[in-house]
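**Student:** Can you keep this structure in mind? I'll have questions shortly.
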Amino acid sequence: MRLPPLPELDWKDDAPFAMAQGDVYFSGDGLSEKKAVFLGGCGLPEAWAGRELFTIGELGFGTGLNLLALWEAWRAARPSKTARLEVLSFEGALIRAEDAARVHARWPELDELSRELRARWPTRARGMQRIALGDGVTLTLAVDDVAAALPQARARVDAWFLDGFAPSKNPEMWTADVMREVARLSAPGVRVASYAVAGAVRRNLEAAGFAVEKKPGHGRKKERLEAVLRTPEQDPHLIPTALSTAGAAPPPFGGGRPVDVAIIGAGVAGACAAHSFLRRGCRVTVYDKAHAGAGASGNPLALVMPRLDSVDGPGARGLVEAYLHARRFYRELGAEAAVELAAEHRPRGEKENLRFAKLMLDPPLDESLLRMEGGNLKHIGAIAVRPAEALRLLLAGAEMRLGTDVRSVAEIEADLVVVCAGMGTAGIAGADAPPLTGRLGQLERAASDGAAGAVADGGYAVEAFGQLVFGATFEPAEGEPHVSVAARAQNLETLARLRPGFAPGELTSRAAIRATTQDRFPFAGRPYNEKAPGGDPAPLSSVRLVGGLGARGFLWAPLLAEIVATEVLGEPSPVEASVAADLDPGRFTRRAIRRGG
């Protein structure tokens, strides 16, 4: 089953009871219990004093009450205006936002934070979701069975809240394997708190390297548990350590402090990367040989709609995660930059009819976002982006050096260089950059006063912001981008197929070259260098690459930027390890080596 289960709840005095587990989400005054057991048990807020980055791990997101209690404490005792609190949480069955509202209403003092959280409530979908909240707080939520989700996580956790249902009701949350994963993801000396004191829980924690101690309980519970990690079990290949390699000393800007970041390329990939580092307090300089949006990112409209796969693998899951992240990302930019609309995906031929039918037998998204209507997929809440406005907002605050033709990363003096240069990536980053192929895409624009909406079948027509944009061709690129009569004719055929009888007015054509990879999947991360173990060379440790976005640049760019920023600054990864591996820039070289190339 790809969709995670919805918990069946029973209610008593607005307190939820999980029918499947036969257990309560909390007892008595749940908020005071959370504060005493988890915040008190982990020494918070004192433990984050003086820290610019502090990461909480949580087994059992539940009603979100732990997060609200944390957020409230962080607001009252935030170490600095630039300090960030990362919350990495795991949940197998996410409750609905309306059920969370019913729970949170018991504590009026949390009303403001509750409304902010519920406005960004996670989506019912398996995988990782990264949600930026206020006050420097970010939630990274893994919605999946804990045994599947924990090994895929990459983080460095400073304190753990073990808040699953009771071990007798939900033993899968408390196994020896789970506790070993908790230890793997932990920073040295991590503190753990839980209400569960069962003998099996204590033994499994001790076997994973924790010193365990019983403490006086809270409310109806006589005892609670505190633990400290004695023997770090981290896997250095899965834990981000800023720009350092495993075992090396961290760079001077490690631990979440601001860095000087240079971004090469002012398209959507570069703009999203700039935005990610700017909101973390970094100093960002953006270079581009022309101007912002000079390439495909300068099209008049962009449609953010995924091509969903019927099989749940890293590629399919990564695309869903990118789509969900992009929806939140563009909504935060505001109505002048992006608008939600319904997008209809029509099948082209019997093969795609069968694919759609198979997809809907086990869909990755629920009916609030995805439906089948008349044999077509309907994406409710797809996004139309106005690129010019989006790029302007994303680049605000960066130092812009436009008209600067950077030919090599060696020309740039910065702590970190992120290359987002499309087809220019190889020339700037060197021979270790992934191979790219250019594809010429032409689209047409006409004025329109119709309602926002979109339809696609390989080609597309999207209507928003007073314009209709349709096309687009996907041709081999030869030389500089150029418009052609033949491409316009092809686009008009697409419009006639998708919008029969629609007669556009005066048309404007635009052509740009899209950079695509061999597997049509983008990349984000370190360049590969065969001379260094694991492809993690010291000379290139301060370089990251983002590219290969093809025809879905506005869908992928926000998530790819977060992948780079979280890895560099030691925050929890927004994607699973398997998804990150599929997005690794070095995957092409590694495949060639395995084939003897």
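Chain labels follow the order of the structure tokens: the first chain is A, the next B, and so on; residue numbering restarts at 1 in every chain, and ligands are counted from 1 in their shown order.
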If we count only C-alpha atoms, what is near region 82-84 of chain A at a cut-off of 9 Å, once residues fewer than 6 positions away on the same chain are taken out, given as a PDB file with C-alpha atoms, in the first residue's frame?
**Tutor:**
```
ATOM      1  CA  GLY A  50      24.529  29.106  22.636  1.00  0.00           C
ATOM      2  CA  ARG A  51      23.753  26.812  19.709  1.00  0.00           C
ATOM      3  CA  GLU A  52      23.098  28.106  16.181  1.00  0.00           C
ATOM      4  CA  LEU A  53      21.687  24.726  15.120  1.00  0.00           C
ATOM      5  CA  PHE A  54      19.934  22.200  17.329  1.00  0.00           C
ATOM      6  CA  THR A  55      18.224  19.054  16.070  1.00  0.00           C
ATOM      7  CA  ASP A 135      11.129  31.467  14.170  1.00  0.00           C
ATOM      8  CA  GLY A 136      13.788  29.383  12.427  1.00  0.00           C
ATOM      9  CA  VAL A 137      11.926  26.118  13.126  1.00  0.00           C
ATOM     10  CA  THR A 138      11.785  23.441  10.412  1.00  0.00           C
ATOM     11  CA  GLY A 256      25.097  26.066  11.023  1.00  0.00           C
ATOM     12  CA  ARG A 257      26.939  29.424  11.115  1.00  0.00           C
ATOM     13  CA  PRO A 258      26.687  31.776   8.112  1.00  0.00           C
ATOM     14  CA  ARG A 280      19.750  30.534   6.844  1.00  0.00           C
ATOM     15  CA  GLY A 281      21.638  33.793   7.309  1.00  0.00           C
TER      16      GLY A 281
END
```
**Student:** Name the residues of region 22-202 of chain A that fall into helix (DSSP H, G or I) according to DSSP on the backbone, using the chain letters and numbers of this document, as a PyMOL selection string.
**Tutor:** chain A and resi 30-39+46-48+65-76+97-104+108-119+146-152+171-174+176-184+199-202
**Student:** With only C-alpha atoms as the counted atoms, please give the residues lying no more than 12 Å from Glu58 (chain A), apart from itself and same-chain residues fewer than 5 positions off, as a ChimeraX atom specification.
**Tutor:** /A:38-39,42,64-67,70,86-91,139-142,146,150,157-164,173,182,185-186,191-194
**Student:** Could the residues in this selection be written to a file with N, CA, C and O atoms, as a compact mmCIF listing (two decimals), in the first residue's frame?
**Tutor:**
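The file below, result.txt, is the result:
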```txt
# COMPACT_ATOMS: atom_id res chain seq x y z
N PHE A 38 9.48 15.13 27.96
CA PHE A 38 10.38 15.26 26.81
C PHE A 38 11.29 16.48 26.90
O PHE A 38 12.52 16.36 26.82
N LEU A 39 10.72 17.66 27.10
CA LEU A 39 11.60 18.83 27.23
C LEU A 39 12.45 18.73 28.49
O LEU A 39 13.67 18.89 28.45
N CYS A 42 15.15 15.98 28.31
CA CYS A 42 16.29 16.27 27.44
C CYS A 42 17.02 17.55 27.84
O CYS A 42 17.90 18.03 27.11
N GLY A 64 1.15 16.32 16.89
CA GLY A 64 1.96 17.52 16.73
C GLY A 64 2.14 18.30 18.01
O GLY A 64 2.72 19.39 18.00
N LEU A 65 1.68 17.76 19.13
CA LEU A 65 1.75 18.49 20.40
C LEU A 65 3.19 18.68 20.88
O LEU A 65 3.54 19.74 21.43
N ASN A 66 4.04 17.68 20.68
CA ASN A 66 5.45 17.85 21.03
C ASN A 66 6.06 19.03 20.27
O ASN A 66 6.82 19.83 20.83
N LEU A 67 5.76 19.10 18.99
CA LEU A 67 6.31 20.17 18.17
C LEU A 67 5.85 21.53 18.67
O LEU A 67 6.64 22.48 18.74
N LEU A 70 7.70 22.38 21.84
CA LEU A 70 9.07 22.75 21.49
C LEU A 70 9.13 24.16 20.91
O LEU A 70 9.98 24.98 21.29
N GLU A 86 15.82 22.31 14.22
CA GLU A 86 15.40 21.28 13.27
C GLU A 86 14.70 20.16 14.04
O GLU A 86 15.21 19.66 15.04
N VAL A 87 13.53 19.77 13.56
CA VAL A 87 12.79 18.66 14.17
C VAL A 87 12.63 17.57 13.12
O VAL A 87 12.00 17.78 12.08
N LEU A 88 13.22 16.41 13.37
CA LEU A 88 13.13 15.25 12.49
C LEU A 88 12.20 14.25 13.15
O LEU A 88 12.51 13.68 14.19
N SER A 89 11.03 14.05 12.55
CA SER A 89 10.01 13.22 13.18
C SER A 89 9.60 12.07 12.27
O SER A 89 9.69 12.17 11.05
N PHE A 90 9.15 10.98 12.89
CA PHE A 90 8.74 9.77 12.17
C PHE A 90 7.33 9.40 12.59
O PHE A 90 7.02 9.34 13.77
N GLU A 91 6.47 9.16 11.59
CA GLU A 91 5.07 8.84 11.86
C GLU A 91 4.56 7.85 10.83
O GLU A 91 4.72 8.05 9.63
N LEU A 139 10.36 21.51 10.29
CA LEU A 139 9.96 20.12 10.53
C LEU A 139 10.32 19.29 9.31
O LEU A 139 9.94 19.62 8.19
N THR A 140 11.06 18.21 9.52
CA THR A 140 11.28 17.19 8.49
C THR A 140 10.56 15.93 8.97
O THR A 140 10.96 15.33 9.97
N LEU A 141 9.50 15.58 8.28
CA LEU A 141 8.65 14.47 8.71
C LEU A 141 8.75 13.31 7.74
O LEU A 141 8.54 13.48 6.54
N ALA A 142 9.07 12.13 8.27
CA ALA A 142 9.07 10.90 7.48
C ALA A 142 7.77 10.16 7.78
O ALA A 142 7.53 9.73 8.91
N VAL A 146 8.19 2.84 10.71
CA VAL A 146 9.46 3.29 11.30
C VAL A 146 10.63 2.40 10.87
O VAL A 146 11.74 2.88 10.66
N LEU A 150 13.54 4.86 9.25
CA LEU A 150 14.75 5.21 10.00
C LEU A 150 16.05 4.92 9.25
O LEU A 150 16.94 5.77 9.21
N VAL A 157 21.39 14.12 15.28
CA VAL A 157 20.37 14.51 16.24
C VAL A 157 21.01 14.81 17.60
O VAL A 157 21.85 14.06 18.08
N ASP A 158 20.55 15.90 18.25
CA ASP A 158 21.08 16.31 19.55
C ASP A 158 20.24 15.84 20.72
O ASP A 158 20.72 15.77 21.85
N ALA A 159 18.95 15.55 20.48
CA ALA A 159 18.08 15.06 21.55
C ALA A 159 16.94 14.28 20.91
O ALA A 159 16.48 14.62 19.82
N TRP A 160 16.49 13.23 21.59
CA TRP A 160 15.44 12.35 21.05
C TRP A 160 14.24 12.33 21.97
O TRP A 160 14.37 12.19 23.18
N PHE A 161 13.05 12.42 21.38
CA PHE A 161 11.79 12.16 22.07
C PHE A 161 11.27 10.81 21.55
O PHE A 161 10.89 10.70 20.38
N LEU A 162 11.26 9.80 22.39
CA LEU A 162 10.71 8.50 22.00
C LEU A 162 9.26 8.48 22.48
O LEU A 162 8.97 8.20 23.64
N ASP A 163 8.34 8.78 21.56
CA ASP A 163 6.95 9.03 21.92
C ASP A 163 5.99 8.18 21.10
O ASP A 163 4.96 8.65 20.64
N GLY A 164 6.34 6.93 20.88
CA GLY A 164 5.41 6.03 20.23
C GLY A 164 4.35 5.55 21.21
O GLY A 164 4.40 5.86 22.41
N MET A 173 7.81 -0.07 17.30
CA MET A 173 8.48 1.21 17.52
C MET A 173 9.64 1.10 18.50
O MET A 173 10.45 2.02 18.60
N VAL A 182 18.41 4.81 16.04
CA VAL A 182 18.42 6.03 16.85
C VAL A 182 19.85 6.40 17.21
O VAL A 182 20.25 7.57 17.09
N LEU A 185 21.92 7.80 14.20
CA LEU A 185 21.57 9.16 13.79
C LEU A 185 21.91 10.20 14.85
O LEU A 185 21.61 11.38 14.66
N SER A 186 22.55 9.79 15.93
CA SER A 186 22.75 10.67 17.08
C SER A 186 24.13 11.30 17.12
O SER A 186 25.12 10.69 16.74
N ARG A 191 20.90 13.14 24.29
CA ARG A 191 20.00 12.78 25.39
C ARG A 191 18.69 12.26 24.82
O ARG A 191 18.19 12.75 23.80
N VAL A 192 18.15 11.26 25.49
CA VAL A 192 16.91 10.60 25.07
C VAL A 192 15.91 10.66 26.22
O VAL A 192 16.28 10.44 27.37
N ALA A 193 14.65 10.94 25.87
CA ALA A 193 13.61 10.96 26.89
C ALA A 193 12.41 10.16 26.40
O ALA A 193 12.09 10.14 25.21
N SER A 194 11.74 9.48 27.34
CA SER A 194 10.55 8.70 27.00
C SER A 194 9.74 8.44 28.26
O SER A 194 10.27 8.45 29.37
```
**Student:** Tell me, as a ChimeraX atom specification, which residues lie within 10 Å of Ile264 (chain A), counting only C-alpha atoms; anything in the same chain fewer than 6 positions away does not count.
**Tutor:** /A:270-271,273-274,285-289,401,404-409,412,417-422,424-425,428,545
**Student:** Enter the distance from CA of Ser368 (chain A) to CA of Arg124 (chain A), in Å, rounded to one decimal.
**Tutor:**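 Here the two named atoms are 9.3 Å from each other.
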**Student:** Contacts of Val268 (chain A) at 10 Å or less, counting only C-alpha atoms, minus same-chain residues fewer than 5 places along, as a PyMOL selection string?
**Tutor:** chain A and resi 273-274+292-293+295-298+387-388+390-391+394-395+420+549+553-558+561
**Student:** Could you please take those selected residues and save all heavy atoms as a short mmCIF file (atom, residue, chain, number, x, y, z; two decimals), in the first residue's frame?
**Tutor:**
```cif
data_model
loop_
_atom_site.label_atom_id
_atom_site.label_comp_id
_atom_site.auth_asym_id
_atom_site.auth_seq_id
_atom_site.Cartn_x
_atom_site.Cartn_y
_atom_site.Cartn_z
N ALA A 273 18.55 27.95 -4.86
CA ALA A 273 19.73 27.75 -4.01
C ALA A 273 20.06 29.01 -3.24
O ALA A 273 20.37 28.97 -2.04
CB ALA A 273 20.91 27.31 -4.88
N ALA A 274 20.02 30.16 -3.90
CA ALA A 274 20.27 31.42 -3.22
C ALA A 274 19.29 31.63 -2.08
O ALA A 274 19.67 32.00 -0.96
CB ALA A 274 20.19 32.57 -4.22
N ALA A 292 18.94 37.29 -14.86
CA ALA A 292 18.11 36.29 -14.20
C ALA A 292 17.03 35.78 -15.16
O ALA A 292 16.33 36.57 -15.79
CB ALA A 292 17.46 36.89 -12.97
N GLY A 293 16.93 34.47 -15.27
CA GLY A 293 15.92 33.87 -16.14
C GLY A 293 16.24 34.00 -17.61
O GLY A 293 15.33 34.00 -18.44
N GLY A 295 17.58 31.79 -19.52
CA GLY A 295 17.31 30.53 -20.21
C GLY A 295 15.86 30.11 -20.09
O GLY A 295 14.95 30.94 -20.11
N ALA A 296 15.65 28.80 -19.91
CA ALA A 296 14.28 28.28 -19.84
C ALA A 296 13.53 28.81 -18.63
O ALA A 296 12.29 28.84 -18.62
CB ALA A 296 14.32 26.75 -19.81
N SER A 297 14.24 29.26 -17.59
CA SER A 297 13.58 29.81 -16.40
C SER A 297 12.91 31.15 -16.68
O SER A 297 12.19 31.66 -15.82
CB SER A 297 14.59 29.96 -15.26
OG SER A 297 15.12 28.71 -14.90
N GLY A 298 13.16 31.72 -17.86
CA GLY A 298 12.54 32.98 -18.21
C GLY A 298 11.27 32.84 -19.02
O GLY A 298 10.77 33.85 -19.56
N PRO A 387 7.44 33.02 -13.61
CA PRO A 387 8.87 32.98 -13.33
C PRO A 387 9.51 34.32 -13.02
O PRO A 387 10.35 34.41 -12.11
CB PRO A 387 9.45 32.35 -14.59
CG PRO A 387 8.36 31.47 -15.09
CD PRO A 387 7.11 32.26 -14.84
N ALA A 388 9.18 35.36 -13.75
CA ALA A 388 9.84 36.65 -13.53
C ALA A 388 9.64 37.12 -12.09
O ALA A 388 10.59 37.58 -11.43
CB ALA A 388 9.30 37.69 -14.51
N ALA A 390 8.71 35.17 -9.46
CA ALA A 390 9.30 34.20 -8.54
C ALA A 390 10.81 34.41 -8.42
O ALA A 390 11.36 34.43 -7.31
CB ALA A 390 9.01 32.78 -9.02
N LEU A 391 11.50 34.58 -9.53
CA LEU A 391 12.95 34.79 -9.48
C LEU A 391 13.29 36.08 -8.75
O LEU A 391 14.25 36.14 -7.97
CB LEU A 391 13.53 34.82 -10.90
CG LEU A 391 13.44 33.52 -11.71
CD1 LEU A 391 14.14 33.69 -13.05
CD2 LEU A 391 14.05 32.34 -10.96
N LEU A 394 12.94 35.33 -5.04
CA LEU A 394 13.93 34.36 -4.54
C LEU A 394 15.33 34.95 -4.46
O LEU A 394 16.13 34.58 -3.60
CB LEU A 394 13.94 33.12 -5.43
CG LEU A 394 12.67 32.28 -5.41
CD1 LEU A 394 12.73 31.20 -6.48
CD2 LEU A 394 12.44 31.66 -4.04
N LEU A 395 15.64 35.86 -5.36
CA LEU A 395 16.98 36.45 -5.41
C LEU A 395 17.11 37.70 -4.55
O LEU A 395 18.21 38.24 -4.42
CB LEU A 395 17.36 36.77 -6.86
CG LEU A 395 17.55 35.55 -7.77
CD1 LEU A 395 17.62 35.97 -9.22
CD2 LEU A 395 18.80 34.78 -7.36
N CYS A 420 24.93 26.08 -10.83
CA CYS A 420 23.56 25.85 -11.34
C CYS A 420 23.50 26.42 -12.75
O CYS A 420 22.62 27.24 -13.06
CB CYS A 420 22.54 26.54 -10.44
SG CYS A 420 22.66 26.16 -8.69
N LEU A 549 17.74 19.49 -14.89
CA LEU A 549 16.33 19.59 -14.53
C LEU A 549 15.39 19.35 -15.71
O LEU A 549 14.20 19.11 -15.51
CB LEU A 549 16.04 20.96 -13.91
CG LEU A 549 16.45 21.14 -12.45
CD1 LEU A 549 17.96 21.16 -12.30
CD2 LEU A 549 15.88 22.44 -11.89
N GLY A 553 12.02 22.03 -14.38
CA GLY A 553 12.89 22.82 -13.53
C GLY A 553 12.19 23.42 -12.33
O GLY A 553 12.71 23.38 -11.20
N PHE A 554 11.01 23.98 -12.52
CA PHE A 554 10.31 24.63 -11.41
C PHE A 554 9.75 23.61 -10.43
O PHE A 554 9.50 23.96 -9.27
CB PHE A 554 9.22 25.56 -11.95
CG PHE A 554 9.76 26.87 -12.41
CD1 PHE A 554 10.33 27.02 -13.67
CD2 PHE A 554 9.76 27.98 -11.57
CE1 PHE A 554 10.86 28.22 -14.09
CE2 PHE A 554 10.29 29.20 -11.99
CZ PHE A 554 10.84 29.32 -13.26
N LEU A 555 9.55 22.38 -10.85
CA LEU A 555 9.13 21.33 -9.92
C LEU A 555 10.30 20.89 -9.05
O LEU A 555 10.18 20.77 -7.83
CB LEU A 555 8.55 20.15 -10.69
CG LEU A 555 7.93 19.02 -9.85
CD1 LEU A 555 6.82 18.32 -10.62
CD2 LEU A 555 8.98 17.97 -9.45
N TRP A 556 11.45 20.65 -9.65
CA TRP A 556 12.58 20.05 -8.94
C TRP A 556 13.41 21.07 -8.15
O TRP A 556 13.97 20.73 -7.09
CB TRP A 556 13.51 19.33 -9.92
CG TRP A 556 13.09 17.95 -10.27
CD1 TRP A 556 12.59 17.52 -11.47
CD2 TRP A 556 13.15 16.79 -9.43
NE1 TRP A 556 12.33 16.17 -11.43
CE2 TRP A 556 12.67 15.70 -10.19
CE3 TRP A 556 13.56 16.57 -8.12
CZ2 TRP A 556 12.59 14.41 -9.66
CZ3 TRP A 556 13.48 15.28 -7.59
CH2 TRP A 556 13.00 14.22 -8.36
N ALA A 557 13.54 22.29 -8.63
CA ALA A 557 14.54 23.20 -8.09
C ALA A 557 14.41 23.47 -6.59
O ALA A 557 15.43 23.48 -5.88
CB ALA A 557 14.53 24.52 -8.88
N PRO A 558 13.22 23.70 -6.03
CA PRO A 558 13.16 23.97 -4.59
C PRO A 558 13.71 22.83 -3.73
O PRO A 558 14.43 23.07 -2.76
CB PRO A 558 11.66 24.19 -4.34
CG PRO A 558 11.13 24.67 -5.66
CD PRO A 558 11.89 23.88 -6.69
N ALA A 561 17.60 22.45 -4.05
CA ALA A 561 18.29 23.48 -3.27
C ALA A 561 18.35 23.09 -1.80
O ALA A 561 19.37 23.28 -1.13
CB ALA A 561 17.59 24.82 -3.45
#
```
**Student:** Report as a PyMOL selection string all protein, DNA and RNA residues lying within 10 Å of region 378-383 of chain A, evaluated on only C-alpha atoms, omitting residues in the same chain fewer than 2 positions from it.
**Tutor:** chain A and resi 302-306+323-324+326-328+330-331+338-346+365+367-376+385-386+452-455+462+464+554-555
**Student:** Please provide as a ChimeraX atom specification all residues within 10 Å of region 500-505 of chain A, with the sequence filter that same-chain residues fewer than 4 positions apart are discarded (counting only C-alpha atoms).
**Tutor:** /A:444-448,468,492-496
**Student:** Residues as selected, N, CA, C and O atoms, written as a short mmCIF file (atom, residue, chain, number, x, y, z; two decimals), in the first residue's frame, can you do that?
**Tutor:**
```
data_model
loop_
_atom_site.label_atom_id
_atom_site.label_comp_id
_atom_site.auth_asym_id
_atom_site.auth_seq_id
_atom_site.Cartn_x
_atom_site.Cartn_y
_atom_site.Cartn_z
N GLU A 444 4.59 28.90 -27.05
CA GLU A 444 3.87 30.05 -27.58
C GLU A 444 3.07 30.70 -26.45
O GLU A 444 2.57 30.01 -25.55
N ARG A 445 2.96 32.02 -26.54
CA ARG A 445 2.20 32.77 -25.55
C ARG A 445 1.15 33.63 -26.23
O ARG A 445 1.40 34.23 -27.28
N ALA A 446 -0.06 33.69 -25.61
CA ALA A 446 -1.12 34.56 -26.08
C ALA A 446 -1.82 35.16 -24.87
O ALA A 446 -1.82 34.57 -23.78
N ALA A 447 -2.40 36.33 -25.05
CA ALA A 447 -3.18 36.94 -23.98
C ALA A 447 -4.45 36.12 -23.75
O ALA A 447 -5.00 35.51 -24.67
N SER A 448 -4.93 36.09 -22.50
CA SER A 448 -6.13 35.31 -22.19
C SER A 448 -6.79 35.90 -20.95
O SER A 448 -6.12 36.37 -20.03
N LEU A 468 -2.14 32.67 -21.83
CA LEU A 468 -2.17 31.25 -22.18
C LEU A 468 -0.82 30.90 -22.76
O LEU A 468 -0.33 31.56 -23.69
N LEU A 492 0.88 24.60 -32.28
CA LEU A 492 -0.54 24.85 -32.61
C LEU A 492 -1.31 23.54 -32.72
O LEU A 492 -2.49 23.47 -32.35
N GLU A 493 -0.66 22.50 -33.22
CA GLU A 493 -1.29 21.19 -33.24
C GLU A 493 -1.56 20.70 -31.82
O GLU A 493 -2.60 20.10 -31.53
N THR A 494 -0.60 20.94 -30.93
CA THR A 494 -0.79 20.57 -29.52
C THR A 494 -1.97 21.31 -28.92
O THR A 494 -2.83 20.71 -28.23
N LEU A 495 -2.08 22.61 -29.19
CA LEU A 495 -3.19 23.40 -28.66
C LEU A 495 -4.53 22.89 -29.20
O LEU A 495 -5.50 22.77 -28.45
N ALA A 496 -4.57 22.58 -30.49
CA ALA A 496 -5.82 22.09 -31.09
C ALA A 496 -6.24 20.77 -30.47
O ALA A 496 -7.43 20.48 -30.32
#
```
**Student:** With distances taken over only C-alpha atoms, which residue among A:Gly550, A:Thr437, A:Glu571, A:Thr175 lies nearest Gly57 (chain A)?
**Tutor:** A:Glu571
**Student:** Any chance you could list, as number ranges by chain, the residues in region 89-234 of chain A that come up strand (DSSP E or B) when DSSP is run on the backbone?
**Tutor:** A: 89-91, 127-132, 137-143, 157-162, 186-194, 210-216, 223-229
**Student:** Closest to Ala155 (chain A) among A:Ile56, A:Ala592, A:Ala337, A:Val201, using only C-alpha atoms?
**Tutor:**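 Looking only at the distances to Ala155 (chain A), the closest residue turns out to be A:Ile56.
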**Student:** Work out how far apart CA of Ala489 (chain A) and CA of Leu507 (chain A) are and give it in Å to one decimal.
**Tutor:** 11.7 Å
**Student:** For a quick check of understanding, using only C-alpha atoms, which of A:Ala322, A:Ala183, A:Val311, A:Ala69 has the smallest distance to Ala36 (chain A)?
**Tutor:**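 Closest candidate: A:Ala69.
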**Student:** Would you work out the distance separating CA of Glu8 (chain A) from CA of Asp144 (chain A), expressed in Å to one decimal?
**Tutor:**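 Distance between the two atoms: 16.6 Å.
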